[in-house]
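What's in final.tsv: TSV, C-alpha atoms
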```tsv
chain	number	residue	atom	x	y	z
O	1252	MET	CA	-0.89	15.87	-17.80
O	1253	ILE	CA	-3.39	13.32	-16.50
O	1254	TYR	CA	-1.96	11.60	-13.43
O	1255	LEU	CA	-3.25	8.05	-12.92
O	1256	ASP	CA	-0.49	6.56	-10.76
O	1257	ASN	CA	-1.90	7.46	-7.36
O	1258	ALA	CA	-1.08	4.00	-5.98
O	1259	ALA	CA	2.59	4.92	-6.39
O	1260	SER	CA	2.31	8.40	-4.88
O	1261	THR	CA	-0.21	11.20	-4.53
O	1262	PRO	CA	0.00	14.98	-4.88
O	1263	VAL	CA	0.50	16.68	-1.52
O	1264	HIS	CA	-2.65	18.45	-0.34
O	1265	GLN	CA	-2.28	22.24	-0.06
O	1266	GLU	CA	-3.54	22.16	3.54
O	1267	VAL	CA	-0.80	19.66	4.32
O	1268	ILE	CA	1.86	21.95	2.85
O	1269	ASP	CA	0.50	24.93	4.80
O	1270	GLU	CA	0.63	22.91	8.01
O	1271	MET	CA	4.25	21.88	7.38
O	1272	ILE	CA	5.81	25.23	6.45
O	1273	PRO	CA	6.12	26.68	9.99
O	1274	TYR	CA	8.21	23.67	11.02
O	1275	PHE	CA	10.77	24.54	8.36
O	1276	LYS	CA	10.85	28.27	9.10
O	1277	GLU	CA	9.90	29.20	12.69
O	1278	GLN	CA	9.40	26.01	14.70
O	1279	TYR	CA	12.68	24.29	13.88
O	1280	GLY	CA	13.52	22.89	17.33
O	1281	ASN	CA	14.61	19.35	18.12
O	1282	PRO	CA	11.73	17.50	19.84
O	1283	SER	CA	14.18	16.06	22.40
O	1284	SER	CA	15.27	19.50	23.57
O	1285	ILE	CA	13.64	20.86	26.73
O	1286	HIS	CA	13.59	24.53	25.73
O	1287	LYS	CA	10.60	26.29	24.15
O	1288	PHE	CA	11.52	25.36	20.56
O	1289	GLY	CA	11.94	21.70	21.49
O	1290	ARG	CA	8.71	21.59	23.45
O	1291	ALA	CA	6.79	23.11	20.53
O	1292	ALA	CA	8.17	20.46	18.16
O	1293	SER	CA	7.31	17.70	20.65
O	1294	VAL	CA	3.74	18.94	21.02
O	1295	ALA	CA	3.36	19.09	17.23
O	1296	ILE	CA	4.43	15.47	16.93
O	1297	GLN	CA	1.98	14.34	19.60
O	1298	ASN	CA	-0.85	16.21	17.88
O	1299	ALA	CA	0.04	14.53	14.58
O	1300	ARG	CA	0.26	11.14	16.30
O	1301	LYS	CA	-3.30	11.66	17.61
O	1302	ARG	CA	-4.56	12.45	14.09
O	1303	ILE	CA	-2.89	9.33	12.68
O	1304	ALA	CA	-4.38	7.23	15.49
O	1305	ASP	CA	-7.86	8.66	14.87
O	1306	LEU	CA	-7.79	7.49	11.25
O	1307	LEU	CA	-7.25	3.94	12.52
O	1308	SER	CA	-9.51	4.19	15.60
O	1309	ALA	CA	-6.41	3.51	17.68
O	1310	ASP	CA	-4.84	5.07	20.77
O	1311	SER	CA	-2.09	7.60	20.04
O	1312	LYS	CA	0.29	5.62	22.31
O	1313	GLU	CA	-0.03	2.75	19.83
O	1314	ILE	CA	1.35	4.79	16.89
O	1315	PHE	CA	5.08	4.62	16.21
O	1316	LEU	CA	6.46	6.94	13.54
O	1317	THR	CA	8.79	5.63	10.82
O	1318	SER	CA	10.28	6.72	7.50
O	1319	GLY	CA	7.49	5.03	5.54
O	1320	GLY	CA	5.75	1.77	4.71
O	1321	THR	CA	8.95	-0.17	4.00
O	1322	GLU	CA	10.44	0.58	7.40
O	1323	SER	CA	7.14	-0.15	9.12
O	1324	ASN	CA	6.90	-3.53	7.38
O	1325	ASN	CA	10.53	-4.40	8.14
O	1326	THR	CA	10.05	-3.42	11.78
O	1327	ALA	CA	6.98	-5.63	12.06
O	1328	VAL	CA	8.65	-8.69	10.54
O	1329	TYR	CA	12.07	-8.43	12.16
O	1330	GLY	CA	10.68	-6.96	15.38
O	1331	ILE	CA	8.57	-10.06	15.98
O	1332	ALA	CA	11.22	-12.51	14.73
O	1333	LEU	CA	13.75	-11.05	17.16
O	1334	GLN	CA	11.43	-11.97	20.03
O	1335	LYS	CA	12.52	-15.58	19.38
O	1336	LYS	CA	9.09	-17.02	20.13
O	1337	GLY	CA	9.13	-19.24	17.06
O	1338	LYS	CA	10.87	-19.57	13.71
O	1339	HIS	CA	7.91	-19.87	11.36
O	1340	ILE	CA	6.22	-16.97	9.54
O	1341	ILE	CA	3.12	-17.13	7.34
O	1342	THR	CA	2.69	-14.62	4.54
O	1343	SER	CA	1.19	-14.56	1.05
O	1344	SER	CA	2.76	-14.91	-2.38
O	1345	ILE	CA	1.51	-11.46	-3.43
O	1346	GLU	CA	2.95	-9.28	-0.67
O	1347	HIS	CA	4.96	-6.14	-1.36
O	1348	ASP	CA	8.72	-6.63	-1.51
O	1349	ALA	CA	8.96	-4.78	1.82
O	1350	ILE	CA	7.51	-7.97	3.34
O	1351	LEU	CA	8.87	-10.60	0.97
O	1352	GLU	CA	12.50	-9.49	1.12
O	1353	PRO	CA	12.71	-9.53	4.96
O	1354	CYS	CA	11.05	-12.96	4.88
O	1355	LYS	CA	13.60	-14.22	2.36
O	1356	TYR	CA	16.41	-12.91	4.55
O	1357	LEU	CA	15.01	-14.68	7.60
O	1358	GLU	CA	14.65	-17.83	5.51
O	1359	ARG	CA	18.39	-17.72	4.90
O	1360	GLN	CA	18.86	-17.45	8.67
O	1361	GLY	CA	16.99	-20.69	9.29
O	1362	TYR	CA	13.38	-19.51	9.58
O	1363	ARG	CA	10.61	-21.37	7.80
O	1364	ILE	CA	8.40	-19.13	5.68
O	1365	SER	CA	5.02	-20.24	4.30
O	1366	TYR	CA	4.09	-18.27	1.16
O	1367	LEU	CA	0.36	-18.84	0.78
O	1368	PRO	CA	-1.15	-19.08	-2.71
O	1369	VAL	CA	-3.99	-16.87	-3.92
O	1370	ASP	CA	-6.90	-17.49	-6.26
O	1371	LYS	CA	-7.38	-15.90	-9.69
O	1372	HIS	CA	-8.65	-12.71	-8.02
O	1373	GLY	CA	-5.70	-12.42	-5.67
O	1374	LEU	CA	-7.55	-13.63	-2.55
O	1375	VAL	CA	-5.91	-15.62	0.22
O	1376	ASN	CA	-7.98	-18.56	1.47
O	1377	VAL	CA	-8.45	-18.21	5.23
O	1378	GLU	CA	-8.47	-22.00	5.55
O	1379	ASP	CA	-4.93	-22.05	4.14
O	1380	VAL	CA	-3.84	-19.75	6.95
O	1381	LYS	CA	-5.39	-22.05	9.55
O	1382	LYS	CA	-3.74	-25.15	8.05
O	1383	GLU	CA	-0.27	-23.57	8.02
O	1384	ILE	CA	-0.23	-22.37	11.63
O	1385	SER	CA	1.97	-24.51	13.85
O	1386	ARG	CA	3.38	-24.37	17.39
O	1387	ASP	CA	6.46	-22.66	15.93
O	1388	THR	CA	4.52	-19.87	14.14
O	1389	CYS	CA	5.41	-16.42	15.49
O	1390	LEU	CA	3.79	-14.16	12.88
O	1391	VAL	CA	1.10	-14.05	10.23
O	1392	THR	CA	1.51	-11.08	7.87
O	1393	ILE	CA	-1.06	-10.61	5.09
O	1394	MET	CA	-1.54	-7.32	3.26
O	1395	PHE	CA	-4.84	-5.45	3.62
O	1396	ALA	CA	-5.15	-4.55	-0.05
O	1397	ASN	CA	-2.85	-5.47	-2.91
O	1398	ASN	CA	-0.79	-2.65	-4.40
O	1399	GLU	CA	-1.15	-3.91	-7.98
O	1400	VAL	CA	-4.66	-5.31	-8.46
O	1401	GLY	CA	-6.36	-3.72	-5.45
O	1402	THR	CA	-7.90	-6.89	-3.97
O	1403	ILE	CA	-8.91	-6.55	-0.30
O	1404	GLN	CA	-8.23	-9.57	1.92
O	1405	SER	CA	-10.44	-11.09	4.64
O	1406	ILE	CA	-8.47	-9.34	7.38
O	1407	ARG	CA	-10.82	-9.94	10.32
O	1408	GLU	CA	-11.04	-13.67	9.64
O	1409	ILE	CA	-7.27	-14.04	9.15
O	1410	ALA	CA	-6.59	-12.15	12.39
O	1411	GLU	CA	-9.03	-14.43	14.22
O	1412	ALA	CA	-7.28	-17.52	12.87
O	1413	ALA	CA	-3.92	-16.21	14.08
O	1414	HIS	CA	-5.17	-15.23	17.52
O	1415	LYS	CA	-6.85	-18.58	18.14
O	1416	ASN	CA	-3.30	-19.94	18.11
O	1417	ASN	CA	-1.74	-17.04	20.05
O	1418	VAL	CA	0.09	-15.83	16.93
O	1419	VAL	CA	0.75	-12.13	16.23
O	1420	PHE	CA	-1.05	-10.73	13.15
O	1421	HIS	CA	0.36	-7.92	11.01
O	1422	THR	CA	-1.10	-6.30	7.91
O	1423	ASP	CA	0.45	-3.98	5.36
O	1424	ALA	CA	-2.30	-1.38	4.93
O	1425	VAL	CA	-0.26	1.11	2.87
O	1426	GLN	CA	-2.64	0.89	-0.11
O	1427	ALA	CA	-5.84	0.67	1.92
O	1428	ILE	CA	-5.34	3.57	4.34
O	1429	GLY	CA	-7.61	6.48	3.54
O	1430	LYS	CA	-9.42	4.48	0.84
O	1431	VAL	CA	-11.50	2.23	3.08
O	1432	PRO	CA	-12.44	2.54	6.77
O	1433	ILE	CA	-9.98	0.77	9.06
O	1434	ASN	CA	-10.77	0.16	12.72
O	1435	VAL	CA	-7.86	-1.77	14.22
O	1436	LYS	CA	-9.89	-2.73	17.28
O	1437	GLU	CA	-12.84	-4.15	15.36
O	1438	LEU	CA	-10.50	-5.96	12.95
O	1439	ASP	CA	-8.45	-7.31	15.87
O	1440	ILE	CA	-5.11	-6.28	14.32
O	1441	ASP	CA	-1.85	-6.41	16.30
O	1442	LEU	CA	0.46	-4.59	13.88
O	1443	LEU	CA	-0.37	-2.39	10.89
O	1444	SER	CA	1.82	-0.43	8.47
O	1445	ILE	CA	0.84	2.81	6.74
O	1446	SER	CA	2.56	5.50	4.68
O	1447	SER	CA	1.97	9.23	4.25
O	1448	HIS	CA	2.54	9.71	0.54
O	1449	LYS	CA	-0.33	7.40	-0.42
O	1450	ILE	CA	-2.89	9.77	1.16
O	1451	ASN	CA	-1.74	13.16	-0.13
O	1452	GLY	CA	0.92	13.64	2.52
O	1453	PRO	CA	4.71	14.06	2.16
O	1454	LYS	CA	7.09	11.25	1.25
O	1455	GLY	CA	9.54	9.79	3.75
O	1456	VAL	CA	7.21	9.34	6.71
O	1457	GLY	CA	4.92	6.54	7.83
O	1458	ALA	CA	3.77	4.72	10.92
O	1459	LEU	CA	3.51	1.32	12.52
O	1460	TYR	CA	0.47	0.67	14.69
O	1461	VAL	CA	1.47	-1.59	17.58
O	1462	ARG	CA	-1.43	-2.88	19.64
O	1463	LYS	CA	-1.04	-2.32	23.36
O	1464	GLY	CA	0.65	-5.37	24.88
O	1465	THR	CA	2.33	-6.47	21.62
O	1466	VAL	CA	6.10	-6.54	22.08
O	1467	VAL	CA	8.27	-5.57	19.10
O	1468	SER	CA	12.07	-5.45	19.17
O	1469	PRO	CA	13.62	-2.23	17.78
O	1470	LEU	CA	15.74	-2.24	14.63
O	1471	ILE	CA	17.29	1.21	15.10
O	1472	LEU	CA	19.02	1.93	18.40
O	1473	GLY	CA	20.23	5.27	19.69
O	1474	GLY	CA	18.57	8.05	21.61
O	1475	GLY	CA	15.43	6.09	22.42
O	1476	GLN	CA	12.86	8.12	20.47
O	1477	GLU	CA	9.44	6.60	19.74
O	1478	ASN	CA	9.45	5.00	23.18
O	1479	GLY	CA	12.60	3.09	22.27
O	1480	LEU	CA	11.18	1.40	19.18
O	1481	ARG	CA	12.68	3.77	16.60
O	1482	SER	CA	15.62	5.96	17.61
O	1483	GLY	CA	16.61	9.05	15.63
O	1484	THR	CA	15.62	12.70	15.59
O	1485	GLU	CA	12.07	12.94	14.29
O	1486	ASN	CA	11.24	14.41	10.88
O	1487	VAL	CA	8.96	16.99	12.49
O	1488	ALA	CA	7.64	18.83	9.42
O	1489	SER	CA	6.79	15.64	7.57
O	1490	ILE	CA	5.19	14.07	10.65
O	1491	VAL	CA	3.03	17.17	11.03
O	1492	GLY	CA	2.09	16.91	7.34
O	1493	PHE	CA	1.26	13.22	7.74
O	1494	GLY	CA	-1.01	14.04	10.64
O	1495	MET	CA	-2.89	16.65	8.62
O	1496	ALA	CA	-3.19	14.24	5.66
O	1497	CYS	CA	-4.76	11.66	8.01
O	1498	LYS	CA	-7.18	14.28	9.38
O	1499	ILE	CA	-8.27	15.27	5.87
O	1500	ALA	CA	-8.56	11.62	4.76
O	1501	LYS	CA	-10.78	10.80	7.74
O	1502	GLU	CA	-13.05	13.83	7.24
O	1503	ASN	CA	-13.41	13.27	3.48
O	1504	MET	CA	-13.43	9.48	3.27
O	1505	ASN	CA	-17.09	9.07	2.34
O	1506	GLN	CA	-17.07	11.68	-0.40
O	1507	ASN	CA	-13.68	10.49	-1.67
O	1508	THR	CA	-14.95	6.92	-1.88
O	1509	ILE	CA	-17.92	8.05	-3.98
O	1510	HIS	CA	-15.59	10.12	-6.16
O	1511	PHE	CA	-13.16	7.22	-6.69
O	1512	LYS	CA	-15.94	4.75	-7.47
O	1513	ASN	CA	-17.52	7.08	-10.03
O	1514	LEU	CA	-14.20	7.52	-11.81
O	1515	THR	CA	-13.14	3.86	-11.78
O	1516	SER	CA	-16.63	2.74	-12.79
O	1517	LYS	CA	-16.39	4.90	-15.90
O	1518	LEU	CA	-12.90	3.60	-16.66
O	1519	ILE	CA	-13.90	-0.03	-16.25
O	1520	THR	CA	-17.14	0.26	-18.23
O	1521	ARG	CA	-15.63	2.10	-21.17
O	1522	VAL	CA	-12.37	0.13	-21.36
O	1523	LEU	CA	-14.09	-3.27	-21.30
O	1524	SER	CA	-16.78	-2.25	-23.79
O	1525	GLU	CA	-14.61	-0.28	-26.24
O	1526	ILE	CA	-11.30	-2.16	-26.29
O	1527	PRO	CA	-11.65	-5.84	-27.28
O	1528	LYS	CA	-9.67	-8.70	-25.72
O	1529	THR	CA	-9.29	-6.78	-22.49
O	1530	SER	CA	-9.93	-7.94	-18.93
O	1531	LEU	CA	-10.19	-6.38	-15.47
O	1532	ASN	CA	-7.85	-7.95	-12.91
O	1533	GLY	CA	-8.34	-8.35	-9.17
O	1534	HIS	CA	-11.54	-9.12	-7.31
O	1535	PRO	CA	-14.57	-7.55	-9.03
O	1536	GLU	CA	-16.07	-6.37	-5.71
O	1537	LYS	CA	-13.54	-6.75	-2.89
O	1538	ARG	CA	-11.16	-4.05	-4.09
O	1539	ILE	CA	-10.05	-0.58	-3.09
O	1540	PRO	CA	-12.24	1.97	-4.91
O	1541	SER	CA	-9.36	3.89	-6.51
O	1542	ASN	CA	-7.76	0.93	-8.30
O	1543	THR	CA	-8.24	-0.44	-11.82
O	1544	HIS	CA	-5.90	-3.01	-13.34
O	1545	PHE	CA	-6.34	-4.27	-16.89
O	1546	THR	CA	-4.75	-6.78	-19.25
O	1547	PHE	CA	-4.64	-5.89	-22.95
O	1548	LEU	CA	-3.74	-9.07	-24.85
O	1549	GLY	CA	-1.01	-8.67	-27.43
O	1550	VAL	CA	0.32	-5.44	-25.94
O	1551	ASN	CA	3.55	-4.89	-24.03
O	1552	GLY	CA	2.81	-2.96	-20.84
O	1553	GLU	CA	6.09	-1.03	-20.92
O	1554	ASP	CA	5.40	0.13	-24.47
O	1555	LEU	CA	1.88	1.07	-23.43
O	1556	ILE	CA	3.17	3.23	-20.56
O	1557	ILE	CA	5.59	5.01	-22.87
O	1558	LYS	CA	2.82	5.66	-25.41
O	1559	LEU	CA	0.50	6.96	-22.69
O	1560	ASP	CA	3.27	9.20	-21.35
O	1561	GLU	CA	3.75	10.63	-24.84
O	1562	ASN	CA	0.05	11.44	-24.74
O	1563	LYS	CA	0.41	13.11	-21.33
O	1564	ILE	CA	-1.06	10.30	-19.24
O	1565	ALA	CA	0.92	8.89	-16.30
O	1566	ALA	CA	0.24	5.22	-15.51
O	1567	SER	CA	2.17	2.12	-14.43
O	1568	THR	CA	2.36	-1.64	-14.81
O	1569	GLY	CA	2.48	-2.24	-11.05
O	1570	SER	CA	4.60	-1.47	-8.00
O	1571	ALA	CA	6.72	1.65	-8.44
O	1572	CYS	CA	9.22	0.13	-6.02
O	1573	SER	CA	10.18	-2.65	-8.43
O	1574	VAL	CA	9.35	-1.31	-11.90
O	1575	ARG	CA	12.90	-0.04	-12.53
O	1576	ILE	CA	14.39	-3.51	-12.23
O	1577	GLN	CA	12.04	-4.74	-14.97
O	1578	LYS	CA	10.96	-7.96	-13.28
O	1579	ALA	CA	7.71	-9.67	-14.13
O	1580	SER	CA	4.92	-9.13	-11.63
O	1581	HIS	CA	5.07	-11.80	-8.92
O	1582	VAL	CA	1.49	-10.82	-8.05
O	1583	LEU	CA	0.05	-11.67	-11.46
O	1584	LYS	CA	2.20	-14.77	-11.66
O	1585	ALA	CA	0.79	-15.97	-8.34
O	1586	MET	CA	-2.72	-15.30	-9.67
O	1587	GLY	CA	-2.05	-17.75	-12.50
O	1588	PHE	CA	-1.49	-15.28	-15.33
O	1589	SER	CA	0.43	-16.35	-18.43
O	1590	HIS	CA	3.53	-14.48	-19.61
O	1591	GLU	CA	1.46	-12.72	-22.29
O	1592	GLN	CA	-1.15	-11.64	-19.75
O	1593	ILE	CA	1.49	-10.34	-17.34
O	1594	THR	CA	3.36	-8.31	-19.95
O	1595	GLY	CA	0.11	-6.82	-21.27
O	1596	SER	CA	-1.07	-5.42	-17.95
O	1597	LEU	CA	-1.66	-1.82	-16.92
O	1598	ARG	CA	-2.57	-0.20	-13.59
O	1599	LEU	CA	-4.62	3.00	-13.55
O	1600	THR	CA	-5.22	4.42	-10.07
O	1601	VAL	CA	-7.25	7.55	-9.44
O	1602	GLY	CA	-6.93	10.21	-6.77
O	1603	ILE	CA	-8.69	13.21	-5.29
O	1604	THR	CA	-7.55	15.56	-8.07
O	1605	ASN	CA	-8.80	13.46	-10.99
O	1606	THR	CA	-11.94	14.37	-12.92
O	1607	ASP	CA	-14.65	12.66	-14.91
O	1608	LYS	CA	-13.44	14.41	-18.05
O	1609	GLU	CA	-9.95	12.98	-17.54
O	1610	MET	CA	-11.38	9.45	-17.51
O	1611	ASP	CA	-13.02	10.02	-20.89
O	1612	GLU	CA	-9.82	11.49	-22.32
O	1613	THR	CA	-7.82	8.57	-20.94
O	1614	VAL	CA	-10.03	5.92	-22.52
O	1615	ASP	CA	-9.97	7.78	-25.86
O	1616	VAL	CA	-6.17	7.80	-25.83
O	1617	LEU	CA	-5.93	4.26	-24.50
O	1618	ARG	CA	-8.16	2.91	-27.25
O	1619	LYS	CA	-5.97	4.57	-29.87
O	1620	VAL	CA	-2.57	3.50	-28.52
O	1621	VAL	CA	-3.68	-0.10	-27.86
O	1622	GLN	CA	-4.82	-0.30	-31.49
O	1623	GLU	CA	-1.47	1.09	-32.66
O	1624	LEU	CA	0.55	-1.37	-30.57
O	1625	ARG	CA	-1.59	-4.32	-31.60
O	1626	ALA	CA	-1.01	-3.45	-35.26
O	1627	VAL	CA	2.67	-4.32	-34.81
O	1628	SER	CA	2.23	-7.00	-32.16
O	1629	PRO	CA	3.85	-10.41	-32.71
O	1630	TYR	CA	0.58	-11.86	-31.39
O	1631	LYS	CA	-1.73	-10.12	-33.87
O	1632	GLU	CA	-2.38	-13.27	-35.90
O	1633	LYS	CA	-2.87	-15.39	-32.80
O	1634	TYR	CA	-5.54	-13.04	-31.42
O	1635	SER	CA	-6.86	-11.72	-34.78
O	1636	PHE	CA	-6.37	-8.04	-34.00
```

Representation of the structure as structure tokens:
Amino acid sequence: MIYLDNAASTPVHQEVIDEMIPYFKEQYGNPSSIHKFGRAASVAIQNARKRIADLLSADSKEIFLTSGGTESNNTAVYGIALQKKGKHIITSSIEHDAILEPCKYLERQGYRISYLPVDKHGLVNVEDVKKEISRDTCLVTIMFANNEVGTIQSIREIAEAAHKNNVVFHTDAVQAIGKVPINVKELDIDLLSISSHKINGPKGVGALYVRKGTVVSPLILGGGQENGLRSGTENVASIVGFGMACKIAKENMNQNTIHFKNLTSKLITRVLSEIPKTSLNGHPEKRIPSNTHFTFLGVNGEDLIIKLDENKIAASTGSACSVRIQKASHVLKAMGFSHEQITGSLRLTVGITNTDKEMDETVDVLRKVVQELRAVSPYKEKYSF
């Protein structure tokens, strides 16, 4: 099987598994307990927190552990809204549902939400951010890199625009973490969400970076863990695994970036040259190196995924979080795509385990199945397949 859905989830690194196992078998204490087992678990969490912070060039006291990117995003949005310092939030029309759904909920509670448009590449115009900021704006939340088309936003400039008006800036960096260098200090970020299973760590654990001095209201109350921001007994083994995944990602980022670029370059070059009426989506340069997203005119993306799966290739049309409800991509719609372009789209995302040979095999299969699907396409006369 060739796995090309790394934007949805990644295989857990063996070193990560090895690091986690003792916390299932020998070191099973509750981190809140004061005996030896509890102290060992607490120390393990702090060590992991330091590793997570290092990947972001942050202080470990600024890292708050969560169950994943969705909780981190929800905490950022609601946690700022609950401060009651304004009832206006600025976001983009291509955010993940973990941002859009909380914003829609707040909208029903009387908040005003500005959903900024994007250009054909999926880029937010920084000037649009500046124009939308008002005295009532409490938060600007713009994703670092899009989960479908991979476009990277102008994060530093957007943060600067927010801060000139004393507005908190949050970014969903779930897709960007480990793929591109992120220095929260240099980028002037207040809040940032990340997730473990996107960087070869376990599922069910993530983090929210909260810049020192930024006040966020908690969503989960109880025993006061995570300095009161996120109560509940910590998922020690997974947190330890997340920390190791961050350590590995930081150490291998340069070589991984080269590896990803080599693989995606081959995919892009061969697909565009060998399969007619095909286009690459997202920004041609400002994109995460592991992402490719194509439109094959006259082909249904769901049918294409099934055909690829039959040929032992795992791919997707877009966000794994929404694919089961079969809704058209709001990202591609916001980018101005037609219905035919949206339904004919495919995301192929590479990871650390993929090989050059797999890219060649994928294109060979893709060329064949696209031809088969176009032969029975209702659009074959329109596009002269």

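Among the candidates O:Leu1390, O:Cys1354, O:Val1375, O:Val1550, the one nearest to O:His1534 when counting only C-alpha atoms is O:Val1375.
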
*Of the candidates O:Ile1364, O:Ala1259, O:Leu1443, O:Leu1470, which shows the shortest atom-to-atom distance to O:Gln1334, using only C-alpha atoms?*
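Comparing O:Ile1364, O:Ala1259, O:Leu1443, O:Leu1470 against O:Gln1334, the winner is O:Leu1470.
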
_What's the separation between atom CA of O:Asn1257 and atom CA of O:Leu1559, in Å to one decimal place?_
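Interatomic distance here is 15.5 Å.
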
_List the spatial neighbours of O:Leu1357 as a PyMOL selection string - criterion: any atom at most 12 Å away, all atoms listed in the file, same-chain residues fewer than 3 positions off excluded._
chain O and resi 1325+1328-1333+1338-1340+1350-1354+1360-1365

Write out the residues from the selection above, keeping C-alpha atoms, as a short mmCIF file (atom, residue, chain, number, x, y, z; two decimals), keeping the file's coordinate frame.
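Generated file (again35.cif):
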```
data_model
loop_
_atom_site.label_atom_id
_atom_site.label_comp_id
_atom_site.auth_asym_id
_atom_site.auth_seq_id
_atom_site.Cartn_x
_atom_site.Cartn_y
_atom_site.Cartn_z
CA ASN O 1325 10.53 -4.40 8.14
CA VAL O 1328 8.65 -8.69 10.54
CA TYR O 1329 12.07 -8.43 12.16
CA GLY O 1330 10.68 -6.96 15.38
CA ILE O 1331 8.57 -10.06 15.98
CA ALA O 1332 11.22 -12.51 14.73
CA LEU O 1333 13.75 -11.05 17.16
CA LYS O 1338 10.87 -19.57 13.71
CA HIS O 1339 7.91 -19.87 11.36
CA ILE O 1340 6.22 -16.97 9.54
CA ILE O 1350 7.51 -7.97 3.34
CA LEU O 1351 8.87 -10.60 0.97
CA GLU O 1352 12.50 -9.49 1.12
CA PRO O 1353 12.71 -9.53 4.96
CA CYS O 1354 11.05 -12.96 4.88
CA GLN O 1360 18.86 -17.45 8.67
CA GLY O 1361 16.99 -20.69 9.29
CA TYR O 1362 13.38 -19.51 9.58
CA ARG O 1363 10.61 -21.37 7.80
CA ILE O 1364 8.40 -19.13 5.68
CA SER O 1365 5.02 -20.24 4.30
#
```

Within 8 Å of O:Arg1625, counting only C-alpha atoms, which residues show up once you throw out same-chain ones fewer than 6 positions away? Write them as a short mmCIF file (atom, residue, chain, number, x, y, z; two decimals) with C-alpha atoms, keeping the file's coordinate frame, please.
```cif
data_model
loop_
_atom_site.label_atom_id
_atom_site.label_comp_id
_atom_site.auth_asym_id
_atom_site.auth_seq_id
_atom_site.Cartn_x
_atom_site.Cartn_y
_atom_site.Cartn_z
CA GLY O 1549 -1.01 -8.67 -27.43
CA VAL O 1550 0.32 -5.44 -25.94
CA LYS O 1631 -1.73 -10.12 -33.87
CA PHE O 1636 -6.37 -8.04 -34.00
#
```

*Measuring atom to atom with only C-alpha atoms, identify which of O:Gly1602, O:Gly1429, O:Pro1527, O:Pro1629 is nearest to O:Asp1256.*
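Of the candidates, the smallest distance to O:Asp1256 is held by O:Gly1602.
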
*Using only C-alpha atoms, which of the listed residues (O:Val1263, O:Ile1268, O:Asp1441, O:Phe1493) sits closest to O:Gln1297?*
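The answer is O:Phe1493, which sits nearest to O:Gln1297.
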
*Between atom CA of O:Ile1384 and atom CA of O:Lys1335 - distance in Å to one decimal*: 16.4 Å

*Counting only C-alpha atoms, which of O:Ser1468, O:Lys1633, O:Lys1619, O:Asn1451 gets nearest to O:Val1267?*
O:Asn1451

*For O:Leu1480, list every protein, DNA or RNA residue within 9 Å, evaluated using only C-alpha atoms, and leave out those in the same chain fewer than 3 positions away; present the list as a ChimeraX atom specification.*
/O:1315,1326,1467-1472,1475-1477

Residue selection dump (C-alpha atoms) as a PDB file, keeping the file's coordinate frame:
```pdb
ATOM      1  CA  PHE O1315       5.080   4.620  16.210  1.00  0.00           C
ATOM      2  CA  THR O1326      10.050  -3.420  11.780  1.00  0.00           C
ATOM      3  CA  VAL O1467       8.270  -5.570  19.100  1.00  0.00           C
ATOM      4  CA  SER O1468      12.070  -5.450  19.170  1.00  0.00           C
ATOM      5  CA  PRO O1469      13.620  -2.230  17.780  1.00  0.00           C
ATOM      6  CA  LEU O1470      15.740  -2.240  14.630  1.00  0.00           C
ATOM      7  CA  ILE O1471      17.290   1.210  15.100  1.00  0.00           C
ATOM      8  CA  LEU O1472      19.020   1.930  18.400  1.00  0.00           C
ATOM      9  CA  GLY O1475      15.430   6.090  22.420  1.00  0.00           C
ATOM     10  CA  GLN O1476      12.860   8.120  20.470  1.00  0.00           C
ATOM     11  CA  GLU O1477       9.440   6.600  19.740  1.00  0.00           C
TER      12      GLU O1477
END
```

*Determine, counting only C-alpha atoms, which protein, DNA and RNA residues have an atom within 12 Å of an atom of O:Thr1520; residues of the same chain fewer than 6 positions away are not included. Present the result as a ChimeraX atom specification.*
/O:1512-1514,1526,1529-1531,1543,1545,1610-1611,1614

*Pick from O:Thr1402, O:Thr1613, O:Thr1606, O:Ser1318: nearest to O:Val1582, with all atoms listed in the file counted?*
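Of O:Thr1402, O:Thr1613, O:Thr1606, O:Ser1318, the one nearest O:Val1582 is O:Thr1402, counting all atoms listed in the file.
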
*Please provide the set of residues having any atom within 12 Å of O:Ser1567, restricted to only C-alpha atoms, with same-chain residues fewer than 3 positions apart removed, written as a PyMOL selection string.*
chain O and resi 1254-1260+1398-1400+1542-1545+1551-1560+1564+1570-1575+1580+1594-1601

*asked:* One decimal, in Å: what's the spacing between atom CA of O:Asp1269 and atom CA of O:Asn1324?
replied: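 One can read the atom CA of O:Asp1269 to atom CA of O:Asn1324 distance as 29.3 Å.
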
*At a cut-off of 12 Å from (-5.1, 17.3, 16.4) in the coordinates of the file, what residues are picked up using all atoms listed in the file, written as a list in words?*
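Taken together, the residues in range are Glu1270, Val1294, Ala1295, Ile1296, Gln1297, Asn1298, Ala1299, Arg1300, Lys1301, Arg1302, Ile1303, Ala1304, Asp1305, Leu1306, Ser1311, Val1491, Gly1492, Phe1493, Gly1494, Met1495, Ala1496, Cys1497, Lys1498 and Ile1499 of chain O.
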
*Sphere at (4.8, -16.2, -9.0), radius 12 Å, counting all atoms listed in the file: residues as JSON, numbers by chain*: {"O": [1343, 1344, 1345, 1346, 1366, 1367, 1368, 1369, 1373, 1578, 1579, 1580, 1581, 1582, 1583, 1584, 1585, 1586, 1587, 1588, 1589, 1590, 1593]}

Starting from 3 Å padding per side, set up an axis-aligned box that covers all listed atoms of stretch 1477-1480 of chain O and hand over centre and edge lengths in Å, one decimal, as lines of an AutoDock Vina configuration file.
```
center_x = 11.0
center_y = 4.0
center_z = 21.2
size_x = 9.2
size_y = 11.2
size_z = 10.0
```
